>>> print(open('start-v9.cif').read())   # mmCIF, C-alpha atoms and all ligand atoms
data_run
loop_
_atom_site.group_PDB
_atom_site.id
_atom_site.type_symbol
_atom_site.label_atom_id
_atom_site.label_comp_id
_atom_site.auth_asym_id
_atom_site.auth_seq_id
_atom_site.Cartn_x
_atom_site.Cartn_y
_atom_site.Cartn_z
ATOM 1 C CA MET A 1 -66.263 -29.210 -94.426
ATOM 2 C CA SER A 2 -65.219 -30.474 -97.878
ATOM 3 C CA GLU A 3 -63.360 -33.601 -98.727
ATOM 4 C CA ILE A 4 -60.196 -33.377 -100.761
ATOM 5 C CA ARG A 5 -57.732 -35.631 -102.511
ATOM 6 C CA LEU A 6 -53.950 -35.215 -102.346
ATOM 7 C CA PHE A 7 -52.213 -37.130 -105.108
ATOM 8 C CA VAL A 8 -49.106 -37.614 -107.227
ATOM 9 C CA SER A 9 -49.055 -38.495 -110.954
ATOM 10 C CA THR A 10 -46.496 -41.075 -112.011
ATOM 11 C CA THR A 11 -46.087 -44.502 -113.632
ATOM 12 C CA GLU A 12 -48.044 -47.564 -112.531
ATOM 13 C CA VAL A 13 -45.010 -49.092 -110.819
ATOM 14 C CA ASN A 14 -44.211 -45.900 -108.948
ATOM 15 C CA ALA A 15 -47.864 -45.294 -108.019
ATOM 16 C CA ASN A 16 -47.991 -48.731 -106.394
ATOM 17 C CA ARG A 17 -44.810 -47.990 -104.521
ATOM 18 C CA VAL A 18 -46.200 -44.619 -103.321
ATOM 19 C CA LEU A 19 -49.336 -46.473 -102.198
ATOM 20 C CA ASP A 20 -47.186 -48.808 -100.089
ATOM 21 C CA LEU A 21 -45.299 -45.898 -98.565
ATOM 22 C CA LEU A 22 -48.536 -44.043 -97.791
ATOM 23 C CA GLY A 23 -50.086 -47.183 -96.378
ATOM 24 C CA PHE A 24 -47.204 -47.531 -94.012
ATOM 25 C CA GLU A 25 -46.969 -43.872 -92.986
ATOM 26 C CA LEU A 26 -50.696 -43.367 -92.480
ATOM 27 C CA GLY A 27 -51.545 -46.963 -91.624
ATOM 28 C CA GLU A 28 -55.218 -47.688 -91.698
ATOM 29 C CA GLU A 29 -56.251 -44.473 -90.017
ATOM 30 C CA ASP A 30 -59.436 -42.870 -91.286
ATOM 31 C CA PHE A 31 -58.042 -42.182 -94.754
ATOM 32 C CA ALA A 32 -58.769 -43.994 -97.999
ATOM 33 C CA ILE A 33 -55.678 -44.539 -100.131
ATOM 34 C CA ALA A 34 -55.858 -45.648 -103.768
ATOM 35 C CA THR A 35 -54.141 -45.814 -107.142
ATOM 36 C CA THR A 36 -56.045 -44.912 -110.301
ATOM 37 C CA GLU A 37 -55.160 -45.378 -113.942
ATOM 38 C CA VAL A 38 -55.366 -42.085 -115.868
ATOM 39 C CA ASP A 39 -53.922 -43.031 -119.273
ATOM 40 C CA GLU A 40 -53.130 -46.673 -120.021
ATOM 41 C CA LYS A 41 -51.019 -46.058 -123.154
ATOM 42 C CA ALA A 42 -48.926 -43.287 -121.615
ATOM 43 C CA ASP A 43 -48.608 -45.260 -118.320
ATOM 44 C CA ILE A 44 -49.933 -42.400 -116.211
ATOM 45 C CA TRP A 45 -51.308 -43.330 -112.801
ATOM 46 C CA GLU A 46 -52.243 -41.401 -109.688
ATOM 47 C CA ALA A 47 -51.629 -42.422 -106.090
ATOM 48 C CA SER A 48 -54.122 -40.591 -103.858
ATOM 49 C CA ILE A 49 -55.162 -40.110 -100.291
ATOM 50 C CA TYR A 50 -58.643 -38.821 -99.421
ATOM 51 C CA LEU A 51 -59.140 -36.609 -96.377
ATOM 52 C CA MET A 52 -61.155 -33.768 -94.904
ATOM 53 C CA MET A 53 -59.857 -30.304 -95.706
ATOM 54 C CA GLU A 54 -59.196 -29.569 -92.018
ATOM 55 C CA ASP A 55 -56.567 -32.346 -91.957
ATOM 56 C CA GLU A 56 -54.781 -31.128 -95.066
ATOM 57 C CA ASP A 57 -51.657 -29.547 -93.521
ATOM 58 C CA ALA A 58 -50.901 -32.508 -91.269
ATOM 59 C CA VAL A 59 -51.587 -35.141 -93.936
ATOM 60 C CA ARG A 60 -49.657 -33.260 -96.626
ATOM 61 C CA ALA A 61 -46.613 -33.125 -94.319
ATOM 62 C CA ARG A 62 -46.843 -36.891 -93.695
ATOM 63 C CA PHE A 63 -47.349 -37.541 -97.432
ATOM 64 C CA GLU A 64 -44.164 -35.535 -98.126
ATOM 65 C CA THR A 65 -42.268 -37.464 -95.454
ATOM 66 C CA ALA A 66 -43.471 -40.809 -96.779
ATOM 67 C CA ILE A 67 -42.215 -40.195 -100.325
ATOM 68 C CA ALA A 68 -39.208 -37.942 -99.565
ATOM 69 C CA GLU A 69 -36.569 -40.659 -99.756
ATOM 70 C CA GLU A 70 -37.660 -42.275 -103.013
ATOM 71 C CA PHE A 71 -39.797 -39.747 -104.893
ATOM 72 C CA ALA A 72 -38.615 -36.277 -103.911
ATOM 73 C CA GLU A 73 -39.247 -35.113 -107.484
ATOM 74 C CA LEU A 74 -43.009 -35.842 -107.396
ATOM 75 C CA ALA A 75 -45.243 -32.816 -106.749
ATOM 76 C CA ILE A 76 -48.230 -33.391 -104.471
ATOM 77 C CA GLU A 77 -51.358 -32.056 -106.181
ATOM 78 C CA ARG A 78 -54.785 -31.384 -104.720
ATOM 79 C CA GLU A 79 -58.409 -31.724 -105.803
ATOM 80 C CA VAL A 80 -61.634 -30.858 -103.998
ATOM 81 C CA ILE A 81 -63.985 -33.777 -104.547
ATOM 82 C CA PRO A 82 -67.749 -34.222 -104.354
ATOM 83 C CA ASP A 83 -69.363 -35.850 -101.323
ATOM 84 C CA ILE A 84 -68.531 -39.570 -101.384
ATOM 85 C CA ASP A 85 -68.066 -41.965 -98.489
ATOM 86 C CA TRP A 86 -64.510 -42.962 -99.322
ATOM 87 C CA ILE A 87 -64.016 -45.017 -96.210
ATOM 88 C CA ALA A 88 -66.958 -47.198 -97.082
ATOM 89 C CA LYS A 89 -65.587 -47.359 -100.618
ATOM 90 C CA SER A 90 -62.146 -48.453 -99.454
ATOM 91 C CA LEU A 91 -63.718 -51.173 -97.292
ATOM 92 C CA GLU A 92 -65.660 -52.529 -100.237
ATOM 93 C CA GLY A 93 -62.393 -53.137 -102.052
ATOM 94 C CA LEU A 94 -60.658 -55.063 -99.306
ATOM 95 C CA THR A 95 -60.231 -58.633 -100.446
ATOM 96 C CA PRO A 96 -58.957 -61.459 -98.205
ATOM 97 C CA VAL A 97 -55.179 -61.797 -97.936
ATOM 98 C CA ARG A 98 -53.299 -65.084 -97.811
ATOM 99 C CA ALA A 99 -49.982 -65.412 -95.976
ATOM 100 C CA GLY A 100 -48.878 -69.005 -95.500
ATOM 101 C CA ARG A 101 -51.918 -70.823 -94.083
ATOM 102 C CA PHE A 102 -53.383 -67.618 -92.682
ATOM 103 C CA LEU A 103 -56.331 -66.008 -94.409
ATOM 104 C CA VAL A 104 -56.957 -62.484 -93.123
ATOM 105 C CA HIS A 105 -60.417 -61.365 -94.164
ATOM 106 C CA GLY A 106 -63.111 -58.823 -93.365
ATOM 107 C CA SER A 107 -66.496 -59.826 -91.925
ATOM 108 C CA HIS A 108 -67.989 -59.439 -95.421
ATOM 109 C CA ASP A 109 -65.760 -62.301 -96.667
ATOM 110 C CA ARG A 110 -66.443 -65.060 -94.114
ATOM 111 C CA ASP A 111 -67.662 -67.312 -96.911
ATOM 112 C CA LYS A 112 -64.187 -67.234 -98.540
ATOM 113 C CA VAL A 113 -62.610 -69.246 -95.695
ATOM 114 C CA GLN A 114 -61.532 -72.762 -96.798
ATOM 115 C CA PRO A 115 -61.381 -75.727 -94.381
ATOM 116 C CA HIS A 116 -57.539 -75.779 -94.197
ATOM 117 C CA ASP A 117 -57.218 -71.993 -93.637
ATOM 118 C CA ILE A 118 -56.297 -70.425 -90.320
ATOM 119 C CA ALA A 119 -58.808 -67.592 -90.565
ATOM 120 C CA ILE A 120 -58.309 -64.215 -88.891
ATOM 121 C CA GLU A 121 -61.230 -61.814 -89.155
ATOM 122 C CA ILE A 122 -60.226 -58.136 -89.143
ATOM 123 C CA ASP A 123 -62.268 -55.254 -90.523
ATOM 124 C CA ALA A 124 -60.328 -52.192 -91.649
ATOM 125 C CA GLY A 125 -60.699 -49.552 -88.980
ATOM 126 C CA GLN A 126 -58.772 -47.287 -86.687
ATOM 127 C CA ALA A 127 -55.687 -49.496 -86.295
ATOM 128 C CA PHE A 128 -53.064 -50.714 -88.747
ATOM 129 C CA GLY A 129 -53.078 -54.364 -89.760
ATOM 130 C CA THR A 130 -55.618 -55.923 -92.121
ATOM 131 C CA GLY A 131 -52.924 -58.108 -93.670
ATOM 132 C CA HIS A 132 -52.877 -56.059 -96.869
ATOM 133 C CA HIS A 133 -49.589 -54.384 -96.085
ATOM 134 C CA GLY A 134 -46.425 -56.249 -97.083
ATOM 135 C CA THR A 135 -45.023 -55.951 -93.557
ATOM 136 C CA THR A 136 -48.045 -57.595 -91.882
ATOM 137 C CA ALA A 137 -48.192 -60.368 -94.475
ATOM 138 C CA GLY A 138 -44.420 -60.896 -94.147
ATOM 139 C CA CYS A 139 -44.698 -61.211 -90.350
ATOM 140 C CA LEU A 140 -47.566 -63.695 -90.657
ATOM 141 C CA GLU A 141 -45.506 -65.869 -92.984
ATOM 142 C CA VAL A 142 -42.476 -65.906 -90.672
ATOM 143 C CA ILE A 143 -44.612 -66.391 -87.526
ATOM 144 C CA GLU A 144 -46.034 -69.593 -88.994
ATOM 145 C CA THR A 145 -42.547 -70.986 -89.728
ATOM 146 C CA VAL A 146 -41.119 -70.014 -86.333
ATOM 147 C CA VAL A 147 -44.029 -71.218 -84.197
ATOM 148 C CA ARG A 148 -44.156 -74.538 -86.048
ATOM 149 C CA SER A 149 -40.407 -75.209 -86.004
ATOM 150 C CA ARG A 150 -39.145 -73.835 -82.677
ATOM 151 C CA LYS A 151 -39.959 -74.068 -78.990
ATOM 152 C CA VAL A 152 -42.234 -71.058 -78.438
ATOM 153 C CA ARG A 153 -43.809 -70.954 -74.966
ATOM 154 C CA ASN A 154 -44.773 -67.270 -74.863
ATOM 155 C CA ALA A 155 -44.729 -64.293 -77.228
ATOM 156 C CA LEU A 156 -44.656 -60.501 -77.355
ATOM 157 C CA ASP A 157 -46.270 -58.485 -80.170
ATOM 158 C CA LEU A 158 -44.857 -54.962 -79.818
ATOM 159 C CA GLY A 159 -46.806 -52.393 -81.869
ATOM 160 C CA THR A 160 -49.829 -54.660 -82.165
ATOM 161 C CA GLY A 161 -52.064 -52.255 -84.191
ATOM 162 C CA SER A 162 -55.180 -54.263 -85.060
ATOM 163 C CA GLY A 163 -53.844 -57.192 -83.015
ATOM 164 C CA VAL A 164 -53.535 -59.332 -86.138
ATOM 165 C CA LEU A 165 -50.103 -60.802 -85.309
ATOM 166 C CA ALA A 166 -50.927 -61.586 -81.670
ATOM 167 C CA ILE A 167 -54.135 -63.262 -82.834
ATOM 168 C CA ALA A 168 -52.132 -65.250 -85.415
ATOM 169 C CA VAL A 169 -49.725 -66.559 -82.764
ATOM 170 C CA ARG A 170 -52.626 -67.584 -80.537
ATOM 171 C CA LYS A 171 -54.397 -69.333 -83.382
ATOM 172 C CA LEU A 172 -51.271 -71.447 -83.967
ATOM 173 C CA ARG A 173 -50.474 -72.291 -80.344
ATOM 174 C CA PRO A 174 -52.227 -71.923 -76.940
ATOM 175 C CA ILE A 175 -49.469 -69.867 -75.273
ATOM 176 C CA PRO A 176 -49.604 -66.564 -73.342
ATOM 177 C CA VAL A 177 -49.181 -63.511 -75.564
ATOM 178 C CA LEU A 178 -48.494 -59.927 -74.493
ATOM 179 C CA ALA A 179 -49.568 -57.358 -77.116
ATOM 180 C CA THR A 180 -48.660 -53.679 -76.670
ATOM 181 C CA ASP A 181 -49.097 -50.451 -78.572
ATOM 182 C CA ILE A 182 -48.238 -46.829 -77.938
ATOM 183 C CA ASP A 183 -51.726 -45.906 -79.189
ATOM 184 C CA PRO A 184 -54.617 -46.603 -76.760
ATOM 185 C CA ILE A 185 -57.117 -46.652 -79.631
ATOM 186 C CA ALA A 186 -55.152 -49.446 -81.322
ATOM 187 C CA VAL A 187 -55.155 -51.386 -78.031
ATOM 188 C CA ARG A 188 -58.955 -51.091 -77.801
ATOM 189 C CA VAL A 189 -59.408 -52.136 -81.443
ATOM 190 C CA ALA A 190 -56.965 -55.045 -81.024
ATOM 191 C CA ARG A 191 -58.854 -56.307 -77.970
ATOM 192 C CA ASP A 192 -62.152 -56.143 -79.891
ATOM 193 C CA ASN A 193 -60.563 -58.050 -82.777
ATOM 194 C CA ALA A 194 -59.204 -60.729 -80.428
ATOM 195 C CA ARG A 195 -62.680 -61.087 -78.921
ATOM 196 C CA ARG A 196 -64.173 -61.483 -82.368
ATOM 197 C CA ASN A 197 -61.546 -64.145 -83.171
ATOM 198 C CA GLN A 198 -62.249 -65.928 -79.867
ATOM 199 C CA VAL A 199 -58.733 -65.587 -78.467
ATOM 200 C CA VAL A 200 -59.230 -62.570 -76.190
ATOM 201 C CA ASP A 201 -58.739 -64.472 -72.909
ATOM 202 C CA ALA A 202 -55.246 -65.562 -73.866
ATOM 203 C CA ILE A 203 -53.788 -62.220 -74.952
ATOM 204 C CA ASP A 204 -52.984 -59.384 -72.565
ATOM 205 C CA PHE A 205 -53.316 -56.068 -74.420
ATOM 206 C CA ARG A 206 -51.540 -53.096 -72.846
ATOM 207 C CA THR A 207 -50.839 -49.511 -73.836
ATOM 208 C CA ALA A 208 -47.077 -48.916 -73.630
ATOM 209 C CA PRO A 209 -44.536 -46.819 -75.520
ATOM 210 C CA GLY A 210 -41.589 -49.052 -76.398
ATOM 211 C CA PHE A 211 -40.614 -51.147 -73.369
ATOM 212 C CA HIS A 212 -41.980 -48.691 -70.778
ATOM 213 C CA SER A 213 -44.306 -50.953 -68.801
ATOM 214 C CA THR A 214 -43.957 -53.441 -65.986
ATOM 215 C CA ALA A 215 -45.852 -55.923 -68.184
ATOM 216 C CA PHE A 216 -42.657 -56.875 -70.023
ATOM 217 C CA ARG A 217 -40.999 -58.147 -66.834
ATOM 218 C CA GLU A 218 -44.268 -59.724 -65.715
ATOM 219 C CA TYR A 219 -44.587 -61.840 -68.871
ATOM 220 C CA GLY A 220 -40.986 -62.026 -70.144
ATOM 221 C CA PRO A 221 -38.462 -63.127 -71.073
ATOM 222 C CA PHE A 222 -40.093 -64.142 -74.359
ATOM 223 C CA ASP A 223 -39.371 -67.043 -76.692
ATOM 224 C CA LEU A 224 -40.756 -64.929 -79.550
ATOM 225 C CA ILE A 225 -40.751 -61.152 -79.977
ATOM 226 C CA ILE A 226 -42.465 -59.627 -83.007
ATOM 227 C CA ALA A 227 -42.192 -55.900 -83.760
ATOM 228 C CA ASN A 228 -43.550 -54.383 -86.970
ATOM 229 C CA ILE A 229 -42.726 -50.728 -86.349
ATOM 230 C CA LEU A 230 -40.150 -48.870 -88.474
ATOM 231 C CA ALA A 231 -36.411 -49.287 -89.045
ATOM 232 C CA ARG A 232 -35.308 -46.297 -86.987
ATOM 233 C CA PRO A 233 -37.144 -47.121 -83.708
ATOM 234 C CA LEU A 234 -36.258 -50.788 -84.159
ATOM 235 C CA ILE A 235 -32.554 -49.945 -84.368
ATOM 236 C CA LYS A 236 -32.853 -47.708 -81.321
ATOM 237 C CA MET A 237 -34.616 -50.293 -79.204
ATOM 238 C CA ALA A 238 -32.284 -53.216 -80.144
ATOM 239 C CA PRO A 239 -30.366 -53.367 -76.808
ATOM 240 C CA GLN A 240 -33.576 -53.210 -74.764
ATOM 241 C CA LEU A 241 -35.466 -55.673 -76.925
ATOM 242 C CA VAL A 242 -32.719 -58.253 -76.600
ATOM 243 C CA THR A 243 -32.809 -58.084 -72.779
ATOM 244 C CA HIS A 244 -36.423 -59.330 -72.949
ATOM 245 C CA LEU A 245 -35.558 -62.293 -75.194
ATOM 246 C CA ALA A 246 -35.288 -65.806 -73.691
ATOM 247 C CA PRO A 247 -32.243 -67.967 -74.494
ATOM 248 C CA ASN A 248 -32.632 -69.422 -78.023
ATOM 249 C CA GLY A 249 -35.568 -67.046 -78.600
ATOM 250 C CA SER A 250 -36.631 -65.622 -81.962
ATOM 251 C CA VAL A 251 -37.154 -62.028 -83.052
ATOM 252 C CA ILE A 252 -39.265 -61.094 -86.071
ATOM 253 C CA LEU A 253 -38.872 -57.488 -87.217
ATOM 254 C CA SER A 254 -40.698 -55.621 -89.967
ATOM 255 C CA GLY A 255 -41.625 -52.117 -91.095
ATOM 256 C CA ILE A 256 -38.228 -52.026 -92.767
ATOM 257 C CA LEU A 257 -37.678 -50.824 -96.315
ATOM 258 C CA ALA A 258 -35.419 -53.117 -98.334
ATOM 259 C CA SER A 259 -32.794 -50.367 -98.490
ATOM 260 C CA GLN A 260 -32.684 -50.154 -94.665
ATOM 261 C CA ARG A 261 -32.260 -53.854 -93.943
ATOM 262 C CA TRP A 262 -28.468 -53.898 -93.489
ATOM 263 C CA LYS A 263 -28.600 -51.259 -90.770
ATOM 264 C CA VAL A 264 -31.210 -53.281 -88.860
ATOM 265 C CA ILE A 265 -29.252 -56.517 -89.320
ATOM 266 C CA ALA A 266 -26.089 -54.769 -88.078
ATOM 267 C CA ALA A 267 -27.881 -53.351 -84.999
ATOM 268 C CA TYR A 268 -29.250 -56.734 -83.933
ATOM 269 C CA SER A 269 -26.124 -58.719 -84.868
ATOM 270 C CA SER A 270 -24.138 -56.426 -82.596
ATOM 271 C CA GLN A 271 -26.485 -57.497 -79.769
ATOM 272 C CA GLY A 272 -25.496 -61.125 -80.323
ATOM 273 C CA LEU A 273 -28.412 -62.245 -82.507
ATOM 274 C CA SER A 274 -28.004 -64.417 -85.608
ATOM 275 C CA HIS A 275 -29.760 -63.491 -88.833
ATOM 276 C CA VAL A 276 -31.842 -66.452 -90.023
ATOM 277 C CA ARG A 277 -33.919 -65.208 -92.954
ATOM 278 C CA THR A 278 -35.144 -62.079 -94.690
ATOM 279 C CA ILE A 279 -38.317 -62.146 -96.765
ATOM 280 C CA TRP A 280 -39.476 -59.442 -99.175
ATOM 281 C CA ARG A 281 -42.987 -58.213 -99.906
ATOM 282 C CA ASN A 282 -43.687 -55.118 -102.021
ATOM 283 C CA GLY A 283 -40.379 -53.452 -101.213
ATOM 284 C CA TRP A 284 -40.650 -54.144 -97.479
ATOM 285 C CA VAL A 285 -38.644 -56.766 -95.640
ATOM 286 C CA THR A 286 -39.351 -58.953 -92.630
ATOM 287 C CA ILE A 287 -36.313 -60.292 -90.815
ATOM 288 C CA HIS A 288 -36.025 -63.311 -88.509
ATOM 289 C CA PHE A 289 -33.195 -63.419 -85.946
ATOM 290 C CA THR A 290 -32.451 -65.907 -83.204
ATOM 291 C CA GLN A 291 -30.381 -65.788 -80.097
ATOM 292 C CA GLY A 292 -27.608 -68.319 -80.331
ATOM 293 C CA LYS A 293 -27.139 -70.249 -83.570
ATOM 294 C CA GLY A 294 -30.081 -69.930 -86.014
HETATM 295 C C1 LIG B 301 -47.034 -50.802 -88.805
HETATM 296 S S1 LIG B 301 -48.137 -50.905 -87.480
HETATM 297 C C2 LIG B 301 -48.118 -52.665 -87.218
HETATM 298 C C3 LIG B 301 -49.445 -53.226 -86.783
HETATM 299 C C4 LIG B 301 -49.519 -54.758 -86.747
HETATM 300 N N1 LIG B 301 -48.600 -55.302 -85.766
HETATM 301 C C5 LIG B 301 -49.212 -55.332 -88.112
HETATM 302 O O1 LIG B 301 -48.188 -55.994 -88.268
HETATM 303 O O2 LIG B 301 -49.997 -55.108 -89.038
HETATM 304 C C6 LIG B 301 -47.165 -50.272 -86.178
HETATM 305 C C7 LIG B 301 -47.880 -50.141 -84.855
HETATM 306 O O3 LIG B 301 -46.873 -49.857 -83.882
HETATM 307 C C8 LIG B 301 -47.316 -48.860 -83.013
HETATM 308 N N2 LIG B 301 -46.108 -48.210 -82.497
HETATM 309 C C9 LIG B 301 -45.293 -47.338 -83.130
HETATM 310 N N3 LIG B 301 -44.258 -46.989 -82.342
HETATM 311 C C10 LIG B 301 -44.402 -47.674 -81.178
HETATM 312 C C11 LIG B 301 -43.666 -47.761 -79.962
HETATM 313 N N4 LIG B 301 -42.546 -47.063 -79.780
HETATM 314 N N5 LIG B 301 -44.121 -48.538 -78.975
HETATM 315 C C12 LIG B 301 -45.252 -49.265 -79.136
HETATM 316 N N6 LIG B 301 -46.004 -49.227 -80.264
HETATM 317 C C13 LIG B 301 -45.582 -48.458 -81.271
HETATM 318 C C14 LIG B 301 -48.226 -47.980 -83.858
HETATM 319 O O4 LIG B 301 -49.151 -47.278 -83.045
HETATM 320 C C15 LIG B 301 -48.873 -48.994 -84.788
HETATM 321 O O5 LIG B 301 -50.094 -49.478 -84.268
#
>>> encode(input="start-v9.cif", output="structure tokens")
Amino acid sequence: MSEIRLFVSTTEVNANRVLDLLGFELGEEDFAIATTEVDEKADIWEASIYLMMEDEDAVRARFETAIAEEFAELAIEREVIPDIDWIAKSLEGLTPVRAGRFLVHGSHDRDKVQPHDIAIEIDAGQAFGTGHHGTTAGCLEVIETVVRSRKVRNALDLGTGSGVLAIAVRKLRPIPVLATDIDPIAVRVARDNARRNQVVDAIDFRTAPGFHSTAFREYGPFDLIIANILARPLIKMAPQLVTHLAPNGSVILSGILASQRWKVIAAYSSQGLSHVRTIWRNGWVTIHFTQGKG
């Protein structure tokens, strides 16, 4: 079975934006995603995703969905490529990411950790969340502020992916954390990552779609709820999410494109939450709300 590349040709700025959109849509599943300069003077770049030919129809459809809103005019092209281990290649390129005092790094970069860093070791794999995406980095930044400045006695990480955010909370404070994901593979990966970061005993990882599990009642209500999913499901789950929030609790939401932020703010404001802060990273926003007065 041959490997192929699906790509769009555009400017450098747009290629980076497409990369972000692809990163979000396809997460860190088994696909390498990259931008490449084709012609520096003419500002021609390509944003590509590498996949096996058998996955082409499904991936092409998700590629189209990812860019439909902002780049409907870009045609998705295709190239059959020679045998190269693109996953290994994409791992080689992963550099450590800083967000506040957190340093999220792969096992190959342990020597980059400085004494004042709060290090989180995550290798790119089958679950989203190496810290490279603007939404993960945004959440890490806000988590640090919230956990340091407010009374946080327990936390929920909904849509945990690699477990990076749950691990971050635990590294800041020794409190119980519930981490859930709709995807059982992500839950397994997240548990492995927590073990590697020596916080596995303190985090309960569960497979659950949305709030469909008894675990939420078991552990809740929560002083902190973090959900990096997507704007649409976040808007839909607003009433339910708020019922699991403790008085004066905080909510950190991400996976929201800048253009979608007002709808999310409206949905949560109508549930009685106050908007505290919105931070931007690569076109994505992370929003902090509190119950009661910010
Ligand atoms: C963008 S990733 C975020 C991963 C990680 N929390 C981070 O910030 O990097 C979203 C994760 O949410 C999960 N997810 C999507 N919809 C969900 C739902 N309705 N309930 C639970 N998890 C969900 C996905 O499987 C995925 O692992």
>>> residues_near_ligand(input="start-v9.cif", ligand="ligand LIG 301 (chain B)", cutoff="7 Å", atoms="only C-alpha atoms and all ligand atoms", output="PyMOL selection string")
chain A and resi 24+27+127-131+135-136+139+157-165+180-183+186+208-210+227-229+233+255
>>> write_last_selection(input="start-v9.cif", atoms="C-alpha atoms", output="mmCIF file, in the frame of the given file")
data_model
loop_
_atom_site.group_PDB
_atom_site.id
_atom_site.type_symbol
_atom_site.label_atom_id
_atom_site.label_comp_id
_atom_site.auth_asym_id
_atom_site.auth_seq_id
_atom_site.Cartn_x
_atom_site.Cartn_y
_atom_site.Cartn_z
ATOM 1 C CA PHE A 24 -47.204 -47.531 -94.012
ATOM 2 C CA GLY A 27 -51.545 -46.963 -91.624
ATOM 3 C CA ALA A 127 -55.687 -49.496 -86.295
ATOM 4 C CA PHE A 128 -53.064 -50.714 -88.747
ATOM 5 C CA GLY A 129 -53.078 -54.364 -89.760
ATOM 6 C CA THR A 130 -55.618 -55.923 -92.121
ATOM 7 C CA GLY A 131 -52.924 -58.108 -93.670
ATOM 8 C CA THR A 135 -45.023 -55.951 -93.557
ATOM 9 C CA THR A 136 -48.045 -57.595 -91.882
ATOM 10 C CA CYS A 139 -44.698 -61.211 -90.350
ATOM 11 C CA ASP A 157 -46.270 -58.485 -80.170
ATOM 12 C CA LEU A 158 -44.857 -54.962 -79.818
ATOM 13 C CA GLY A 159 -46.806 -52.393 -81.869
ATOM 14 C CA THR A 160 -49.829 -54.660 -82.165
ATOM 15 C CA GLY A 161 -52.064 -52.255 -84.191
ATOM 16 C CA SER A 162 -55.180 -54.263 -85.060
ATOM 17 C CA GLY A 163 -53.844 -57.192 -83.015
ATOM 18 C CA VAL A 164 -53.535 -59.332 -86.138
ATOM 19 C CA LEU A 165 -50.103 -60.802 -85.309
ATOM 20 C CA THR A 180 -48.660 -53.679 -76.670
ATOM 21 C CA ASP A 181 -49.097 -50.451 -78.572
ATOM 22 C CA ILE A 182 -48.238 -46.829 -77.938
ATOM 23 C CA ASP A 183 -51.726 -45.906 -79.189
ATOM 24 C CA ALA A 186 -55.152 -49.446 -81.322
ATOM 25 C CA ALA A 208 -47.077 -48.916 -73.630
ATOM 26 C CA PRO A 209 -44.536 -46.819 -75.520
ATOM 27 C CA GLY A 210 -41.589 -49.052 -76.398
ATOM 28 C CA ALA A 227 -42.192 -55.900 -83.760
ATOM 29 C CA ASN A 228 -43.550 -54.383 -86.970
ATOM 30 C CA ILE A 229 -42.726 -50.728 -86.349
ATOM 31 C CA PRO A 233 -37.144 -47.121 -83.708
ATOM 32 C CA GLY A 255 -41.625 -52.117 -91.095
#
>>> closest_residue(input="start-v9.cif", among="A:Gln198, A:Thr207, A:Thr290, A:Ser48", to="Ser269 in chain A", atoms="all atoms listed in the file")
A:Thr290
>>> atom_distance(input="start-v9.cif", atom1="CA of Leu178 in chain A", atom2="CA of His108 in chain A")
28.6 Å
>>> residues_around(input="start-v9.cif", residues="Ile279 in chain A", least_positions_apart="5", cutoff="9 Å", atoms="only C-alpha atoms", output="tab-separated table (two decimals) with C-alpha atoms, keeping the file's coordinate frame")
chain	number	residue	atom	x	y	z
A	138	GLY	CA	-44.42	-60.90	-94.15
A	141	GLU	CA	-45.51	-65.87	-92.98
A	142	VAL	CA	-42.48	-65.91	-90.67
A	284	TRP	CA	-40.65	-54.14	-97.48
A	285	VAL	CA	-38.64	-56.77	-95.64
A	286	THR	CA	-39.35	-58.95	-92.63
A	287	ILE	CA	-36.31	-60.29	-90.82
A	288	HIS	CA	-36.02	-63.31	-88.51
>>> atom_distance(input="start-v9.cif", atom1="CA of Met237 in chain A", atom2="CA of Val200 in chain A")
27.7 Å
>>> resolve_selection(input="start-v9.cif", expression="the PyMOL selection byres (((chain A and resi 168) around 10) and not hetatm)", output="list in words")
Phe102, Leu103, Val104, Ile118, Ala119, Ile120, Cys139, Leu140, Ile143, Glu144, Gly163, Val164, Leu165, Ala166, Ile167, Val169, Arg170, Lys171, Leu172, Arg173, Ala194, Asn197 and Val199 of chain A
>>> resolve_selection(input="start-v9.cif", expression="the PyMOL selection byres (((chain A and resi 59-63) around 10) and not hetatm)", output="ChimeraX atom specification")
/A:6-8,18,21-22,25-26,31,48-58,64-68,76-78
